[in-house]
Amino acid sequence: MTDDARRRPRPGVGVAADHGESLALDQAFDGDSLYALRAAVAAHGSQAGLSEGRTRDLVLAVHELAANAVRHGAGQGRLRLWAARDAVRCEVTDGGATGKADGAGAEPGEVARWLVRRIADGASVKSGPSGTVAAVIFRRVRS
């Protein structure tokens with residue numbers, strides 16, 4: 001993997017762990033692969049040291065963001081998951097919505113946004129001409 005591929009996009013609200021992050025998962029998805037995406041997120045969340053409950057929350061949040069990218073974005077997207085010493089951080093990106101005048105991706109709907117912000121320790125969304133980046137962070141120990 002190139003250094004450029006490891007570089008993270010920086011969404012609007014800083015949710016990244018600053019030190020000790022390593023890219024643990026980089027997976028493209030579409031509507032037919034959401035089940036496999038959930039299984040991969042569950043395995044990586046558990047391996048990264050999240051509790052069973054926090055891993056379920058992580059899977060739920062990622063699924064909501066990925067399903068939104070499929071439903072309202074370009075029909076596909078990319079998930080990247082980083083494991084840090086004290087947290088797991090995920091970014092779900094889409095390639096922009098086809099047919100939107102500004103070319104921006106699909107921001108999560110109101111219900112998805114509420115759910116993700118309720119269960120994640122941090123969340124942000126940034127949309128622009130190249131699509132939407134939705135980021136969430138789950139700390140190993142909730143503060």
# chains A, B, ... in the order shown; residues from 1 in each chain; ligands from 1
call {"tool": "residues_around", "arguments": {"residues": "range 28-41 of chain A", "least_positions_apart": "5", "cutoff": "9 Å", "atoms": "only C-alpha atoms", "output": "mmCIF file with C-alpha atoms, in the first residue's frame"}}
result
data_model
loop_
_atom_site.group_PDB
_atom_site.id
_atom_site.type_symbol
_atom_site.label_atom_id
_atom_site.label_comp_id
_atom_site.auth_asym_id
_atom_site.auth_seq_id
_atom_site.Cartn_x
_atom_site.Cartn_y
_atom_site.Cartn_z
ATOM 1 C CA SER A 46 -13.234 -7.012 18.241
ATOM 2 C CA THR A 55 -18.304 -3.636 18.565
ATOM 3 C CA LEU A 58 -19.542 0.194 15.636
ATOM 4 C CA VAL A 59 -21.124 -2.288 13.211
ATOM 5 C CA LEU A 60 -24.492 -0.522 13.467
ATOM 6 C CA VAL A 62 -20.894 1.767 9.889
ATOM 7 C CA HIS A 63 -23.845 -0.103 8.398
ATOM 8 C CA ALA A 66 -22.639 2.566 4.261
ATOM 9 C CA ALA A 67 -26.304 1.865 3.492
ATOM 10 C CA ALA A 69 -23.936 5.838 0.704
ATOM 11 C CA VAL A 70 -25.440 3.029 -1.359
ATOM 12 C CA ARG A 71 -29.002 4.346 -1.202
ATOM 13 C CA GLY A 75 -24.498 3.149 -5.109
ATOM 14 C CA GLN A 76 -21.133 2.180 -3.700
ATOM 15 C CA GLY A 77 -18.481 3.422 -1.327
ATOM 16 C CA ARG A 78 -15.348 2.705 0.621
ATOM 17 C CA LEU A 79 -14.788 1.989 4.294
ATOM 18 C CA ARG A 80 -11.476 2.558 6.000
ATOM 19 C CA LEU A 81 -10.944 1.563 9.620
#
call {"tool": "select_by_dssp", "arguments": {"residues": "range 43-143 of chain A", "states": "alpha helix (DSSP H)", "output": "VMD selection string"}}
result
chain A and resid 43 to 47 52 to 72 110 to 119
call {"tool": "closest_residue", "arguments": {"among": "A:Gly95, A:Gly53, A:Gly45, A:Gly131", "to": "Ile119 in chain A", "atoms": "only C-alpha atoms"}}
result
A:Gly53
call {"tool": "select_by_dssp", "arguments": {"residues": "range 23-133 of chain A", "states": "strand (DSSP E)", "output": "ChimeraX atom specification"}}
result
/A:23-30,76-83,87-94,122-128,131-133
call {"tool": "write_last_selection", "arguments": {"atoms": "N, CA, C and O atoms", "output": "compact mmCIF listing (two decimals), in the first residue's frame"}}
result
# COMPACT_ATOMS: atom_id res chain seq x y z
N LEU A 23 -3.85 1.50 9.70
CA LEU A 23 -4.96 1.14 8.84
C LEU A 23 -5.19 -0.35 8.97
O LEU A 23 -4.33 -1.16 8.66
N ALA A 24 -6.36 -0.74 9.47
CA ALA A 24 -6.66 -2.15 9.71
C ALA A 24 -7.56 -2.72 8.63
O ALA A 24 -7.54 -3.93 8.38
N LEU A 25 -8.37 -1.87 7.98
CA LEU A 25 -9.33 -2.36 6.99
C LEU A 25 -9.55 -1.28 5.95
O LEU A 25 -9.74 -0.12 6.29
N ASP A 26 -9.51 -1.67 4.71
CA ASP A 26 -9.77 -0.78 3.58
C ASP A 26 -10.60 -1.60 2.61
O ASP A 26 -10.06 -2.48 1.93
N GLN A 27 -11.91 -1.36 2.57
CA GLN A 27 -12.80 -2.23 1.82
C GLN A 27 -13.84 -1.44 1.04
O GLN A 27 -14.54 -0.60 1.61
N ALA A 28 -13.94 -1.71 -0.25
CA ALA A 28 -15.00 -1.15 -1.07
C ALA A 28 -16.28 -1.92 -0.80
O ALA A 28 -16.25 -3.09 -0.39
N PHE A 29 -17.42 -1.27 -1.02
CA PHE A 29 -18.70 -1.94 -0.80
C PHE A 29 -19.74 -1.40 -1.77
O PHE A 29 -19.60 -0.32 -2.33
N ASP A 30 -20.78 -2.20 -1.94
CA ASP A 30 -21.98 -1.80 -2.66
C ASP A 30 -23.16 -2.47 -1.97
O ASP A 30 -22.99 -3.09 -0.92
N GLN A 76 -22.30 2.90 -4.21
CA GLN A 76 -21.13 2.18 -3.70
C GLN A 76 -20.32 3.13 -2.84
O GLN A 76 -20.59 4.32 -2.78
N GLY A 77 -19.32 2.59 -2.18
CA GLY A 77 -18.48 3.42 -1.33
C GLY A 77 -17.25 2.67 -0.87
O GLY A 77 -16.94 1.59 -1.37
N ARG A 78 -16.58 3.27 0.08
CA ARG A 78 -15.35 2.70 0.62
C ARG A 78 -15.34 2.93 2.12
O ARG A 78 -15.67 4.02 2.60
N LEU A 79 -14.95 1.90 2.84
CA LEU A 79 -14.79 1.99 4.29
C LEU A 79 -13.32 1.84 4.61
O LEU A 79 -12.65 0.94 4.09
N ARG A 80 -12.82 2.72 5.46
CA ARG A 80 -11.48 2.56 6.00
C ARG A 80 -11.59 2.61 7.51
O ARG A 80 -12.31 3.44 8.05
N LEU A 81 -10.90 1.69 8.17
CA LEU A 81 -10.94 1.56 9.62
C LEU A 81 -9.52 1.61 10.14
O LEU A 81 -8.65 0.90 9.62
N TRP A 82 -9.30 2.46 11.13
CA TRP A 82 -7.99 2.58 11.78
C TRP A 82 -8.11 2.16 13.23
O TRP A 82 -9.09 2.51 13.91
N ALA A 83 -7.14 1.45 13.70
CA ALA A 83 -7.08 1.04 15.11
C ALA A 83 -5.96 1.83 15.78
O ALA A 83 -4.82 1.79 15.33
N ALA A 87 -8.71 3.75 20.62
CA ALA A 87 -9.96 3.90 19.88
C ALA A 87 -9.89 3.23 18.51
O ALA A 87 -8.82 2.86 18.04
N VAL A 88 -11.06 3.12 17.92
CA VAL A 88 -11.20 2.66 16.54
C VAL A 88 -11.91 3.78 15.79
O VAL A 88 -12.89 4.35 16.29
N ARG A 89 -11.39 4.12 14.62
CA ARG A 89 -11.98 5.19 13.83
C ARG A 89 -12.30 4.66 12.45
O ARG A 89 -11.50 3.94 11.86
N CYS A 90 -13.46 5.02 11.94
CA CYS A 90 -13.89 4.58 10.61
C CYS A 90 -14.29 5.79 9.78
O CYS A 90 -14.84 6.76 10.31
N GLU A 91 -14.03 5.69 8.49
CA GLU A 91 -14.52 6.67 7.53
C GLU A 91 -15.22 5.93 6.41
O GLU A 91 -14.69 4.97 5.86
N VAL A 92 -16.42 6.39 6.12
CA VAL A 92 -17.20 5.86 5.00
C VAL A 92 -17.26 6.98 3.97
O VAL A 92 -17.67 8.09 4.28
N THR A 93 -16.83 6.66 2.76
CA THR A 93 -16.86 7.65 1.69
C THR A 93 -17.71 7.12 0.54
O THR A 93 -17.81 5.92 0.32
N ASP A 94 -18.33 8.06 -0.17
CA ASP A 94 -19.00 7.71 -1.41
C ASP A 94 -18.39 8.55 -2.52
O ASP A 94 -17.64 9.48 -2.24
N GLY A 122 -17.63 10.12 18.69
CA GLY A 122 -17.40 11.29 17.87
C GLY A 122 -17.88 10.99 16.46
O GLY A 122 -17.83 9.84 16.03
N ALA A 123 -18.38 12.01 15.77
CA ALA A 123 -18.85 11.82 14.40
C ALA A 123 -18.75 13.12 13.64
O ALA A 123 -18.87 14.20 14.22
N SER A 124 -18.49 13.01 12.35
CA SER A 124 -18.48 14.18 11.49
C SER A 124 -18.87 13.78 10.08
O SER A 124 -18.72 12.61 9.69
N VAL A 125 -19.37 14.75 9.33
CA VAL A 125 -19.73 14.53 7.94
C VAL A 125 -19.27 15.75 7.16
O VAL A 125 -19.49 16.89 7.58
N LYS A 126 -18.65 15.50 6.02
CA LYS A 126 -18.24 16.59 5.14
C LYS A 126 -18.56 16.17 3.71
O LYS A 126 -18.16 15.10 3.27
N SER A 127 -19.30 17.03 3.00
CA SER A 127 -19.65 16.78 1.62
C SER A 127 -19.03 17.82 0.72
O SER A 127 -18.88 18.98 1.11
N GLY A 128 -18.70 17.40 -0.47
CA GLY A 128 -18.15 18.30 -1.46
C GLY A 128 -18.29 17.70 -2.84
O GLY A 128 -18.93 16.67 -3.03
N GLY A 131 -17.71 13.97 -3.26
CA GLY A 131 -18.51 13.05 -2.48
C GLY A 131 -18.58 13.43 -1.02
O GLY A 131 -18.29 14.56 -0.63
N THR A 132 -18.96 12.46 -0.21
CA THR A 132 -19.14 12.66 1.23
C THR A 132 -18.20 11.76 2.01
O THR A 132 -17.99 10.61 1.64
N VAL A 133 -17.63 12.31 3.07
CA VAL A 133 -16.82 11.54 4.02
C VAL A 133 -17.54 11.62 5.36
O VAL A 133 -17.73 12.71 5.90
call {"tool": "closest_residue", "arguments": {"among": "A:His72, A:Ser22, A:Glu64, A:Arg85", "to": "Leu50 in chain A", "atoms": "only C-alpha atoms"}}
result
A:Arg85
